[in-house]
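Trainee: Structure file my_file.pdb (PDB, C-alpha atoms) is given on the next line.
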ATOM      1  CA  TYR A   1      96.337 -68.127  78.758
ATOM      2  CA  LEU A   2      95.481 -64.524  77.950
ATOM      3  CA  VAL A   3      98.574 -63.019  79.564
ATOM      4  CA  PHE A   4     101.056 -65.247  77.732
ATOM      5  CA  GLY A   5      99.049 -65.004  74.535
ATOM      6  CA  LEU A   6      99.056 -61.209  74.613
ATOM      7  CA  LEU A   7     102.689 -61.054  75.713
ATOM      8  CA  GLY A   8     103.747 -63.165  72.755
ATOM      9  CA  LEU A   9     101.558 -61.219  70.343
ATOM     10  CA  ALA A  10     103.046 -57.960  71.593
ATOM     11  CA  SER A  11     106.538 -59.252  70.812
ATOM     12  CA  VAL A  12     105.652 -60.070  67.188
ATOM     13  CA  TRP A  13     103.083 -57.344  66.551
ATOM     14  CA  ARG A  14     105.404 -55.144  64.500
ATOM     15  CA  SER A  15     106.683 -58.063  62.416
ATOM     16  CA  GLY A  16     103.699 -58.164  60.076
ATOM     17  CA  SER A  17     100.501 -60.113  59.635
ATOM     18  CA  THR A  18     102.108 -63.464  58.803
ATOM     19  CA  PRO A  19     104.117 -63.769  62.059
ATOM     20  CA  ILE A  20     101.026 -62.731  64.002
ATOM     21  CA  ARG A  21      98.927 -65.449  62.355
ATOM     22  CA  LEU A  22     101.681 -68.005  62.864
ATOM     23  CA  TYR A  23     101.950 -67.124  66.527
ATOM     24  CA  ALA A  24      98.192 -67.252  67.114
ATOM     25  CA  THR A  25      97.876 -70.588  65.306
ATOM     26  CA  VAL A  26     100.689 -72.369  67.137
ATOM     27  CA  TYR A  27      99.783 -70.877  70.519
ATOM     28  CA  GLY A  28      96.165 -71.944  70.166
ATOM     29  CA  LEU A  29      97.144 -75.493  69.214
ATOM     30  CA  ALA A  30      99.738 -75.722  71.992
ATOM     31  CA  ALA A  31      97.296 -74.440  74.610
ATOM     32  CA  VAL A  32      94.764 -77.107  73.629
ATOM     33  CA  ALA A  33      97.524 -79.740  73.685
ATOM     34  CA  ALA A  34      98.584 -78.596  77.168
ATOM     35  CA  VAL A  35      95.069 -79.016  78.522
ATOM     36  CA  LEU A  36      94.640 -82.420  76.883
ATOM     37  CA  LEU A  37      97.987 -83.726  78.144
ATOM     38  CA  ALA A  38      97.353 -82.514  81.691
ATOM     39  CA  TRP A  39      93.918 -84.129  81.576
ATOM     40  CA  HIS A  40      95.403 -87.387  80.254
ATOM     41  CA  TYR A  41      98.063 -87.559  82.970
ATOM     42  CA  THR A  42      95.500 -86.717  85.649
ATOM     43  CA  SER A  43      93.201 -89.469  84.411
ATOM     44  CA  ALA A  44      96.043 -91.994  84.240
ATOM     45  CA  TYR A  45      98.023 -91.113  87.385
ATOM     46  CA  GLY A  46      95.804 -88.892  89.521
ATOM     47  CA  VAL A  47      98.132 -85.906  89.014
ATOM     48  CA  PRO A  48      99.096 -84.037  85.800
ATOM     49  CA  TYR A  49     102.576 -85.587  85.600
ATOM     50  CA  ALA A  50     103.862 -88.640  83.774
ATOM     51  CA  GLY A  51     103.967 -91.650  86.063
ATOM     52  CA  GLY A  52     102.564 -89.573  88.912
ATOM     53  CA  GLY A  53     105.845 -87.700  89.344
ATOM     54  CA  SER A  54     108.612 -86.752  86.942
ATOM     55  CA  ASP A  55     111.091 -84.012  86.059
ATOM     56  CA  GLU A  56     108.142 -81.672  85.639
ATOM     57  CA  LEU A  57     107.085 -82.142  89.241
ATOM     58  CA  PHE A  58     110.708 -81.749  90.377
ATOM     59  CA  PHE A  59     111.054 -78.418  88.588
ATOM     60  CA  GLU A  60     107.691 -77.084  89.703
ATOM     61  CA  ALA A  61     108.076 -78.116  93.349
ATOM     62  CA  ASN A  62     111.564 -76.641  93.659
ATOM     63  CA  GLY A  63     110.565 -73.489  91.817
ATOM     64  CA  ARG A  64     107.681 -72.984  94.195
ATOM     65  CA  ALA A  65     109.970 -73.610  97.152
ATOM     66  CA  PHE A  66     112.368 -70.952  95.896
ATOM     67  CA  ALA A  67     109.527 -68.460  95.397
ATOM     68  CA  ALA A  68     108.196 -69.174  98.894
ATOM     69  CA  HIS A  69     111.489 -68.659 100.747
ATOM     70  CA  TYR A  70     113.628 -66.333  98.644
ATOM     71  CA  GLY A  71     113.406 -63.219  96.515
ATOM     72  CA  VAL A  72     114.007 -62.809  92.806
ATOM     73  CA  PHE A  73     117.589 -61.656  93.428
ATOM     74  CA  ASP A  74     118.523 -64.712  95.525
ATOM     75  CA  TYR A  75     119.559 -66.947  92.639
ATOM     76  CA  GLY A  76     122.666 -68.116  94.497
ATOM     77  CA  MET A  77     120.518 -69.596  97.264
ATOM     78  CA  ILE A  78     119.115 -72.348  95.054
ATOM     79  CA  LYS A  79     122.129 -74.628  95.279
ATOM     80  CA  GLY A  80     122.608 -76.044  98.733
ATOM     81  CA  ASN A  81     119.228 -74.825  99.973
ATOM     82  CA  ILE A  82     116.630 -75.859  97.398
ATOM     83  CA  VAL A  83     118.635 -78.496  95.520
ATOM     84  CA  ASP A  84     122.002 -80.220  95.919
ATOM     85  CA  GLU A  85     125.213 -78.408  95.039
ATOM     86  CA  TRP A  86     125.783 -80.629  91.997
ATOM     87  CA  GLU A  87     122.396 -79.910  90.436
ATOM     88  CA  SER A  88     122.787 -78.678  86.851
ATOM     89  CA  THR A  89     119.309 -77.250  86.270
ATOM     90  CA  THR A  90     119.299 -74.269  88.623
ATOM     91  CA  GLY A  91     118.486 -71.857  85.794
ATOM     92  CA  TYR A  92     115.198 -73.568  85.022
ATOM     93  CA  ILE A  93     114.315 -73.890  88.699
ATOM     94  CA  TYR A  94     114.880 -70.149  88.984
ATOM     95  CA  LEU A  95     112.585 -69.568  86.000
ATOM     96  CA  MET A  96     109.967 -71.729  87.711
ATOM     97  CA  GLY A  97     110.383 -69.582  90.809
ATOM     98  CA  LEU A  98     109.761 -66.448  88.760
ATOM     99  CA  LEU A  99     106.649 -68.017  87.230
ATOM    100  CA  ALA A 100     105.437 -69.028  90.683
ATOM    101  CA  THR A 101     105.941 -65.477  91.944
ATOM    102  CA  PHE A 102     104.163 -64.128  88.866
ATOM    103  CA  SER A 103     101.277 -66.564  89.488
ATOM    104  CA  GLU A 104     100.522 -64.973  92.840
ATOM    105  CA  TRP A 105      99.045 -62.014  90.958
ATOM    106  CA  PHE A 106      96.442 -64.387  89.539
ATOM    107  CA  GLY A 107      95.484 -66.414  92.593
ATOM    108  CA  GLY A 108      98.444 -68.773  92.994
ATOM    109  CA  PHE A 109     100.551 -71.260  91.093
ATOM    110  CA  HIS A 110      99.043 -73.890  88.830
ATOM    111  CA  THR A 111     100.780 -76.453  86.649
ATOM    112  CA  MET A 112      99.216 -74.832  83.576
ATOM    113  CA  VAL A 113     101.277 -71.669  84.109
ATOM    114  CA  PRO A 114     104.659 -73.112  82.995
ATOM    115  CA  ARG A 115     102.947 -75.211  80.337
ATOM    116  CA  LEU A 116     101.325 -72.145  78.774
ATOM    117  CA  PHE A 117     104.591 -70.234  79.132
ATOM    118  CA  ASN A 118     106.258 -73.009  77.142
ATOM    119  CA  ALA A 119     103.423 -72.843  74.607
ATOM    120  CA  MET A 120     104.274 -69.175  74.158
ATOM    121  CA  CYS A 121     107.938 -70.058  73.680
ATOM    122  CA  LEU A 122     107.062 -72.697  71.068
ATOM    123  CA  SER A 123     104.954 -70.159  69.203
ATOM    124  CA  LEU A 124     107.888 -67.743  69.176
ATOM    125  CA  VAL A 125     110.093 -70.557  67.868
ATOM    126  CA  ALA A 126     107.701 -70.861  64.931
ATOM    127  CA  VAL A 127     107.785 -67.111  64.277
ATOM    128  CA  ILE A 128     111.582 -66.894  64.444
ATOM    129  CA  SER A 129     111.857 -69.921  62.146
ATOM    130  CA  TYR A 130     109.748 -68.014  59.633
ATOM    131  CA  GLN A 131     111.875 -64.886  59.999
ATOM    132  CA  ILE A 132     115.067 -66.902  59.530
ATOM    133  CA  GLY A 133     113.578 -68.416  56.389
ATOM    134  CA  MET A 134     112.803 -64.977  55.018
ATOM    135  CA  ARG A 135     116.324 -63.780  55.812
ATOM    136  CA  LEU A 136     117.667 -66.761  53.906
ATOM    137  CA  GLN A 137     115.491 -65.598  51.005
ATOM    138  CA  LEU A 138     113.343 -68.691  50.919
ATOM    139  CA  GLN A 139     110.001 -68.474  49.195
ATOM    140  CA  LYS A 140     107.409 -67.169  51.615
ATOM    141  CA  ARG A 141     105.306 -70.316  51.484
ATOM    142  CA  THR A 142     108.426 -72.393  52.223
ATOM    143  CA  ALA A 143     109.258 -70.214  55.234
ATOM    144  CA  ILE A 144     105.661 -70.541  56.464
ATOM    145  CA  ALA A 145     105.766 -74.322  56.047
ATOM    146  CA  ALA A 146     109.037 -74.482  57.981
ATOM    147  CA  ALA A 147     107.541 -72.360  60.756
ATOM    148  CA  LEU A 148     104.426 -74.520  61.028
ATOM    149  CA  PHE A 149     106.583 -77.644  61.013
ATOM    150  CA  ALA A 150     108.716 -76.224  63.841
ATOM    151  CA  GLY A 151     105.678 -75.176  65.855
ATOM    152  CA  GLY A 152     103.408 -78.097  65.101
ATOM    153  CA  PHE A 153     105.799 -81.047  65.038
ATOM    154  CA  PRO A 154     104.159 -83.564  67.414
ATOM    155  CA  PHE A 155     107.253 -84.294  69.505
ATOM    156  CA  LEU A 156     108.066 -80.614  69.963
ATOM    157  CA  MET A 157     104.449 -79.925  70.844
ATOM    158  CA  TRP A 158     104.477 -82.742  73.391
ATOM    159  CA  VAL A 159     107.684 -81.471  75.015
ATOM    160  CA  SER A 160     106.563 -77.857  75.020
ATOM    161  CA  VAL A 161     103.328 -78.427  76.931
ATOM    162  CA  GLN A 162     105.130 -79.914  79.914
ATOM    163  CA  SER A 163     107.174 -78.157  82.596
ATOM    164  CA  LEU A 164     110.462 -78.912  80.877
ATOM    165  CA  ARG A 165     113.361 -76.671  79.880
ATOM    166  CA  ASP A 166     113.949 -77.909  76.325
ATOM    167  CA  ILE A 167     111.675 -75.506  74.464
ATOM    168  CA  VAL A 168     112.969 -72.465  76.366
ATOM    169  CA  GLN A 169     116.507 -73.438  75.438
ATOM    170  CA  ALA A 170     115.482 -73.997  71.828
ATOM    171  CA  LEU A 171     114.029 -70.492  71.714
ATOM    172  CA  LEU A 172     117.184 -68.930  73.146
ATOM    173  CA  LEU A 173     119.430 -70.822  70.716
ATOM    174  CA  LEU A 174     117.227 -69.915  67.769
ATOM    175  CA  LEU A 175     117.366 -66.268  68.818
ATOM    176  CA  LEU A 176     121.137 -66.589  68.806
ATOM    177  CA  VAL A 177     121.074 -67.870  65.221
ATOM    178  CA  TYR A 178     118.716 -65.088  64.169
ATOM    179  CA  LEU A 179     120.898 -62.394  65.733
ATOM    180  CA  TRP A 180     123.991 -63.482  63.824
ATOM    181  CA  LEU A 181     122.247 -64.148  60.515
ATOM    182  CA  PRO A 182     123.010 -61.291  58.081
ATOM    183  CA  ASP A 183     120.327 -59.709  55.939
ATOM    184  CA  ARG A 184     120.261 -59.622  52.129
ATOM    185  CA  SER A 185     122.957 -56.941  52.159
ATOM    186  CA  GLN A 186     125.181 -59.188  54.283
ATOM    187  CA  ARG A 187     124.811 -56.832  57.215
ATOM    188  CA  TRP A 188     124.045 -57.762  60.792
ATOM    189  CA  ARG A 189     121.151 -56.187  62.617
ATOM    190  CA  TYR A 190     123.400 -54.739  65.340
ATOM    191  CA  PRO A 191     127.071 -53.715  65.662
ATOM    192  CA  VAL A 192     129.426 -56.544  66.665
ATOM    193  CA  PRO A 193     129.920 -55.333  70.291
ATOM    194  CA  VAL A 194     126.146 -55.322  70.777
ATOM    195  CA  LEU A 195     125.857 -58.766  69.194
ATOM    196  CA  LEU A 196     128.522 -60.120  71.525
ATOM    197  CA  LEU A 197     126.713 -58.682  74.543
ATOM    198  CA  LEU A 198     123.375 -60.131  73.440
ATOM    199  CA  THR A 199     125.071 -63.466  72.745
ATOM    200  CA  ALA A 200     126.416 -63.586  76.299
ATOM    201  CA  LEU A 201     122.972 -62.726  77.677
ATOM    202  CA  LEU A 202     121.489 -65.656  75.744
ATOM    203  CA  ILE A 203     124.248 -68.186  76.422
ATOM    204  CA  ILE A 204     124.236 -67.675  80.198
ATOM    205  CA  PRO A 205     120.630 -68.884  80.780
ATOM    206  CA  VAL A 206     121.131 -71.761  78.317
ATOM    207  CA  TRP A 207     124.187 -72.866  80.299
ATOM    208  CA  GLU A 208     122.484 -72.435  83.660
ATOM    209  CA  MET A 209     119.505 -74.527  82.613
ATOM    210  CA  ARG A 210     121.482 -77.539  81.437
ATOM    211  CA  LYS A 211     125.116 -77.410  82.491
ATOM    212  CA  ALA A 212     125.733 -81.132  82.441
ATOM    213  CA  SER A 213     124.894 -81.550  78.759
ATOM    214  CA  SER A 214     125.484 -78.113  77.239
TER
END
Just dump the structure as structure tokens.

Mentor:
Amino acid sequence: YLVFGLLGLASVWRSGSTPIRLYATVYGLAAVAAVLLAWHYTSAYGVPYAGGGSDELFFEANGRAFAAHYGVFDYGMIKGNIVDEWESTTGYIYLMGLLATFSEWFGGFHTMVPRLFNAMCLSLVAVISYQIGMRLQLQKRTAIAAALFAGGFPFLMWVSVQSLRDIVQALLLLLLVYLWLPDRSQRWRYPVPVLLLLTALLIIPVWEMRKASS
């Protein structure tokens, strides 16, 4: 909780007091929601997964398997060794493997690790929504309302506090929009070659996480 909270705060720290407050608010709510949902699933099914086993368990189990048998540079070993060759979610399984490896520094993997990571991503979605609103020259209170709606919308909150790829993809796509959105002077933040490079770096993980429906 503290690591992801501080990591997210560090990424928005220089953006001003409003993004910081937005991040802290959404992250706190999402963290509570993650605990409550895990508790609910455990009470209903004996394990913190819908129905006793779902996509979340699939991603976590395969991510842990990757972390146990391969290194961080062995991405190509996922297909055919961890999952079938036709599997379209290798990017998210790889991310799970990285989170599992990271978890070893704190005593081992727990289902709350990816859930809190997703809570961090949802909080950043809220902050970027606010920043996009300000770039579009919306009134500040309107941009704040849009950010809180994006971060606190019940369905998004429910998705984000599970081990699912949707909120990570949403963050990457929103970053893509923000990168290409000009400022009030109709200027981009970076030169076009840099924007194209950053776009490729964002599109690749989005594609690798959900090839079949991208």

Trainee: Extract, using only C-alpha atoms, all DNA, RNA and protein residues at most 10 Å from Leu9 (chain A), discarding same-chain residues fewer than 6 positions from it, and format them as a VMD selection string.

Mentor: chain A and resid 3 15 19 to 21 23 to 24 27 120 123 to 124

Trainee: Would you list the contacts of region 168-174 of chain A as a CSV table (one decimal) with C-alpha atoms, keeping the file's coordinate frame, taking every protein, DNA or RNA residue within 12 Å and counting all atoms listed in the file, but skipping same-chain residues closer than 4 positions in sequence?

Mentor:
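Dumped to around-v2.csv:
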chain,number,residue,atom,x,y,z
A,89,THR,CA,119.3,-77.2,86.3
A,91,GLY,CA,118.5,-71.9,85.8
A,92,TYR,CA,115.2,-73.6,85.0
A,95,LEU,CA,112.6,-69.6,86.0
A,96,MET,CA,110.0,-71.7,87.7
A,114,PRO,CA,104.7,-73.1,83.0
A,115,ARG,CA,102.9,-75.2,80.3
A,116,LEU,CA,101.3,-72.1,78.8
A,117,PHE,CA,104.6,-70.2,79.1
A,118,ASN,CA,106.3,-73.0,77.1
A,119,ALA,CA,103.4,-72.8,74.6
A,120,MET,CA,104.3,-69.2,74.2
A,121,CYS,CA,107.9,-70.1,73.7
A,122,LEU,CA,107.1,-72.7,71.1
A,123,SER,CA,105.0,-70.2,69.2
A,124,LEU,CA,107.9,-67.7,69.2
A,125,VAL,CA,110.1,-70.6,67.9
A,126,ALA,CA,107.7,-70.9,64.9
A,127,VAL,CA,107.8,-67.1,64.3
A,128,ILE,CA,111.6,-66.9,64.4
A,129,SER,CA,111.9,-69.9,62.1
A,130,TYR,CA,109.7,-68.0,59.6
A,131,GLN,CA,111.9,-64.9,60.0
A,132,ILE,CA,115.1,-66.9,59.5
A,150,ALA,CA,108.7,-76.2,63.8
A,151,GLY,CA,105.7,-75.2,65.9
A,156,LEU,CA,108.1,-80.6,70.0
A,159,VAL,CA,107.7,-81.5,75.0
A,160,SER,CA,106.6,-77.9,75.0
A,161,VAL,CA,103.3,-78.4,76.9
A,162,GLN,CA,105.1,-79.9,79.9
A,163,SER,CA,107.2,-78.2,82.6
A,164,LEU,CA,110.5,-78.9,80.9
A,178,TYR,CA,118.7,-65.1,64.2
A,179,LEU,CA,120.9,-62.4,65.7
A,180,TRP,CA,124.0,-63.5,63.8
A,181,LEU,CA,122.2,-64.1,60.5
A,198,LEU,CA,123.4,-60.1,73.4
A,199,THR,CA,125.1,-63.5,72.7
A,200,ALA,CA,126.4,-63.6,76.3
A,201,LEU,CA,123.0,-62.7,77.7
A,202,LEU,CA,121.5,-65.7,75.7
A,203,ILE,CA,124.2,-68.2,76.4
A,204,ILE,CA,124.2,-67.7,80.2
A,205,PRO,CA,120.6,-68.9,80.8
A,206,VAL,CA,121.1,-71.8,78.3
A,207,TRP,CA,124.2,-72.9,80.3
A,208,GLU,CA,122.5,-72.4,83.7
A,209,MET,CA,119.5,-74.5,82.6
A,210,ARG,CA,121.5,-77.5,81.4
A,211,LYS,CA,125.1,-77.4,82.5
A,214,SER,CA,125.5,-78.1,77.2

Trainee: Which polymer residues have any atom within 12 Å of an atom of Thr101 (chain A), counting all atoms listed in the file, with same-chain residues fewer than 2 positions away left out, as a list in words?

Mentor: Glu60, Gly63, Arg64, Ala65, Phe66, Ala67, Ala68, His69, Tyr70, Gly71, Val72, Tyr94, Leu95, Met96, Gly97, Leu98, Leu99, Ser103, Glu104, Trp105, Phe106, Gly107, Gly108, Phe109, His110, Val113 and Pro114 of chain A

Trainee: For a test of reading the model, state the distance in Å between CA of Gly51 (chain A) and CA of Ala31 (chain A), rounded to one decimal.

Mentor: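 Atom-to-atom, CA of Gly51 (chain A) to CA of Ala31 (chain A), that is 21.7 Å.
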
Trainee: Quick check, in Å to one decimal: how far apart do CA of Ala33 (chain A) and CA of Pro154 (chain A) lie?

Mentor: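 CA of Ala33 (chain A) sits 9.9 Å away from CA of Pro154 (chain A).
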
Trainee: Quick check, in Å to one decimal: how far apart do CA of Trp188 (chain A) and CA of Leu176 (chain A) lie?

Mentor: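 Spanning CA of Trp188 (chain A) to CA of Leu176 (chain A) is a straight-line distance of 12.3 Å.
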
Trainee: Take the PyMOL selection byres ((chain A and resi 143) around 8), apply it to the structure above, and return the hits as a ChimeraX atom specification.

Mentor: /A:129-134,138-142,144-147

Trainee: As a check of understanding, name the residues that the PyMOL selection byres ((chain A and resi 38) around 9) selects in the supplied structure, as a list in words.

Mentor: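 That expression, the PyMOL selection byres ((chain A and resi 38) around 9), corresponds here to Ala33, Ala34, Val35, Leu36, Leu37, Trp39, His40, Tyr41, Thr42, Ser43, Val47, Pro48, Tyr49, Thr111, Met112, Val161 and Gln162 of chain A.
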
Trainee: Would you mind telling me which residue in A:Tyr45, A:Val32, A:Asp183, A:Asn62 lies nearest to Tyr1 (chain A) when using all atoms listed in the file?

Mentor: A:Val32

Trainee: With 6 Å on each side, where is the centre of the axis-aligned box around all listed atoms of region 3-10 of chain A, and how long are its edges in Å to one decimal, as JSON?

Mentor:
{"center_x": 101.2, "center_y": -61.6, "center_z": 75.0, "size_x": 17.2, "size_y": 19.3, "size_z": 21.2}

Trainee: Looking at A:Val194, A:Leu22, A:Ile167, A:Ile93, which one is nearest to Phe58 (chain A), with distances taken over only C-alpha atoms?

Mentor: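 Checking each of A:Val194, A:Leu22, A:Ile167, A:Ile93 against Phe58 (chain A), counting only C-alpha atoms, the winner is A:Ile93.
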
Trainee: Choose the residue, out of A:Phe155, A:Ser88, A:Gln137, A:Gly28, that has the smallest atom-to-atom separation from Leu2 (chain A); count all atoms listed in the file.

Mentor: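 The answer is A:Gly28, which sits nearest to Leu2 (chain A).
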
Trainee: Take region 100-110 of chain A, bring it up to all heavy atoms, and give me the output as a PDB file, keeping the file's coordinate frame.

Mentor:
ATOM      1  N   ALA A 100     106.247 -68.849  89.476  1.00  0.00           N
ATOM      2  CA  ALA A 100     105.437 -69.028  90.683  1.00  0.00           C
ATOM      3  C   ALA A 100     105.143 -67.685  91.340  1.00  0.00           C
ATOM      4  O   ALA A 100     104.028 -67.439  91.817  1.00  0.00           O
ATOM      5  CB  ALA A 100     106.162 -69.961  91.655  1.00  0.00           C
ATOM      6  N   THR A 101     106.146 -66.814  91.387  1.00  0.00           N
ATOM      7  CA  THR A 101     105.941 -65.477  91.944  1.00  0.00           C
ATOM      8  C   THR A 101     104.936 -64.696  91.108  1.00  0.00           C
ATOM      9  O   THR A 101     104.023 -64.035  91.627  1.00  0.00           O
ATOM     10  CB  THR A 101     107.274 -64.713  91.994  1.00  0.00           C
ATOM     11  OG1 THR A 101     108.198 -65.437  92.810  1.00  0.00           O
ATOM     12  CG2 THR A 101     107.087 -63.321  92.563  1.00  0.00           C
ATOM     13  N   PHE A 102     105.088 -64.779  89.791  1.00  0.00           N
ATOM     14  CA  PHE A 102     104.163 -64.128  88.866  1.00  0.00           C
ATOM     15  C   PHE A 102     102.742 -64.649  89.068  1.00  0.00           C
ATOM     16  O   PHE A 102     101.762 -63.883  88.998  1.00  0.00           O
ATOM     17  CB  PHE A 102     104.650 -64.383  87.442  1.00  0.00           C
ATOM     18  CG  PHE A 102     103.633 -64.171  86.362  1.00  0.00           C
ATOM     19  CD1 PHE A 102     103.337 -62.900  85.910  1.00  0.00           C
ATOM     20  CD2 PHE A 102     102.980 -65.253  85.786  1.00  0.00           C
ATOM     21  CE1 PHE A 102     102.396 -62.700  84.904  1.00  0.00           C
ATOM     22  CE2 PHE A 102     102.048 -65.072  84.776  1.00  0.00           C
ATOM     23  CZ  PHE A 102     101.753 -63.786  84.342  1.00  0.00           C
ATOM     24  N   SER A 103     102.600 -65.940  89.349  1.00  0.00           N
ATOM     25  CA  SER A 103     101.277 -66.564  89.488  1.00  0.00           C
ATOM     26  C   SER A 103     100.499 -66.017  90.667  1.00  0.00           C
ATOM     27  O   SER A 103      99.262 -66.083  90.682  1.00  0.00           O
ATOM     28  CB  SER A 103     101.427 -68.082  89.640  1.00  0.00           C
ATOM     29  OG  SER A 103     102.078 -68.636  88.526  1.00  0.00           O
ATOM     30  N   GLU A 104     101.208 -65.497  91.663  1.00  0.00           N
ATOM     31  CA  GLU A 104     100.522 -64.973  92.840  1.00  0.00           C
ATOM     32  C   GLU A 104      99.613 -63.798  92.487  1.00  0.00           C
ATOM     33  O   GLU A 104      98.665 -63.504  93.199  1.00  0.00           O
ATOM     34  CB  GLU A 104     101.544 -64.545  93.896  1.00  0.00           C
ATOM     35  CG  GLU A 104     102.316 -65.708  94.498  1.00  0.00           C
ATOM     36  CD  GLU A 104     101.405 -66.757  95.124  1.00  0.00           C
ATOM     37  OE1 GLU A 104     100.421 -66.361  95.795  1.00  0.00           O
ATOM     38  OE2 GLU A 104     101.652 -67.955  94.922  1.00  0.00           O
ATOM     39  N   TRP A 105      99.907 -63.114  91.396  1.00  0.00           N
ATOM     40  CA  TRP A 105      99.045 -62.014  90.958  1.00  0.00           C
ATOM     41  C   TRP A 105      97.713 -62.516  90.431  1.00  0.00           C
ATOM     42  O   TRP A 105      96.769 -61.755  90.288  1.00  0.00           O
ATOM     43  CB  TRP A 105      99.738 -61.206  89.863  1.00  0.00           C
ATOM     44  CG  TRP A 105     101.025 -60.562  90.274  1.00  0.00           C
ATOM     45  CD1 TRP A 105     101.547 -60.482  91.537  1.00  0.00           C
ATOM     46  CD2 TRP A 105     101.970 -59.921  89.417  1.00  0.00           C
ATOM     47  NE1 TRP A 105     102.754 -59.833  91.519  1.00  0.00           N
ATOM     48  CE2 TRP A 105     103.040 -59.468  90.238  1.00  0.00           C
ATOM     49  CE3 TRP A 105     102.020 -59.675  88.050  1.00  0.00           C
ATOM     50  CZ2 TRP A 105     104.141 -58.794  89.714  1.00  0.00           C
ATOM     51  CZ3 TRP A 105     103.118 -58.997  87.536  1.00  0.00           C
ATOM     52  CH2 TRP A 105     104.156 -58.558  88.354  1.00  0.00           C
ATOM     53  N   PHE A 106      97.644 -63.811  90.142  1.00  0.00           N
ATOM     54  CA  PHE A 106      96.442 -64.387  89.539  1.00  0.00           C
ATOM     55  C   PHE A 106      95.843 -65.497  90.399  1.00  0.00           C
ATOM     56  O   PHE A 106      95.181 -66.393  89.887  1.00  0.00           O
ATOM     57  CB  PHE A 106      96.768 -64.924  88.136  1.00  0.00           C
ATOM     58  CG  PHE A 106      97.287 -63.873  87.202  1.00  0.00           C
ATOM     59  CD1 PHE A 106      98.640 -63.631  87.097  1.00  0.00           C
ATOM     60  CD2 PHE A 106      96.415 -63.101  86.452  1.00  0.00           C
ATOM     61  CE1 PHE A 106      99.130 -62.652  86.233  1.00  0.00           C
ATOM     62  CE2 PHE A 106      96.890 -62.119  85.593  1.00  0.00           C
ATOM     63  CZ  PHE A 106      98.249 -61.894  85.490  1.00  0.00           C
ATOM     64  N   GLY A 107      96.123 -65.471  91.683  1.00  0.00           N
ATOM     65  CA  GLY A 107      95.484 -66.414  92.593  1.00  0.00           C
ATOM     66  C   GLY A 107      96.327 -67.601  92.997  1.00  0.00           C
ATOM     67  O   GLY A 107      95.841 -68.479  93.704  1.00  0.00           O
ATOM     68  N   GLY A 108      97.573 -67.679  92.576  1.00  0.00           N
ATOM     69  CA  GLY A 108      98.444 -68.773  92.994  1.00  0.00           C
ATOM     70  C   GLY A 108      98.912 -69.632  91.843  1.00  0.00           C
ATOM     71  O   GLY A 108      98.371 -69.586  90.730  1.00  0.00           O
ATOM     72  N   PHE A 109      99.923 -70.435  92.131  1.00  0.00           N
ATOM     73  CA  PHE A 109     100.551 -71.260  91.093  1.00  0.00           C
ATOM     74  C   PHE A 109      99.648 -72.407  90.666  1.00  0.00           C
ATOM     75  O   PHE A 109      98.926 -72.982  91.470  1.00  0.00           O
ATOM     76  CB  PHE A 109     101.876 -71.822  91.617  1.00  0.00           C
ATOM     77  CG  PHE A 109     102.622 -72.640  90.601  1.00  0.00           C
ATOM     78  CD1 PHE A 109     103.436 -72.020  89.661  1.00  0.00           C
ATOM     79  CD2 PHE A 109     102.513 -74.024  90.578  1.00  0.00           C
ATOM     80  CE1 PHE A 109     104.124 -72.772  88.702  1.00  0.00           C
ATOM     81  CE2 PHE A 109     103.203 -74.773  89.636  1.00  0.00           C
ATOM     82  CZ  PHE A 109     104.010 -74.138  88.707  1.00  0.00           C
ATOM     83  N   HIS A 110      99.722 -72.726  89.388  1.00  0.00           N
ATOM     84  CA  HIS A 110      99.043 -73.890  88.830  1.00  0.00           C
ATOM     85  C   HIS A 110      99.957 -74.482  87.774  1.00  0.00           C
ATOM     86  O   HIS A 110     100.690 -73.758  87.090  1.00  0.00           O
ATOM     87  CB  HIS A 110      97.702 -73.503  88.221  1.00  0.00           C
ATOM     88  CG  HIS A 110      96.837 -74.671  87.850  1.00  0.00           C
ATOM     89  ND1 HIS A 110      97.019 -75.401  86.688  1.00  0.00           N
ATOM     90  CD2 HIS A 110      95.800 -75.252  88.494  1.00  0.00           C
ATOM     91  CE1 HIS A 110      96.118 -76.362  86.634  1.00  0.00           C
ATOM     92  NE2 HIS A 110      95.364 -76.304  87.713  1.00  0.00           N
TER      93      HIS A 110
END
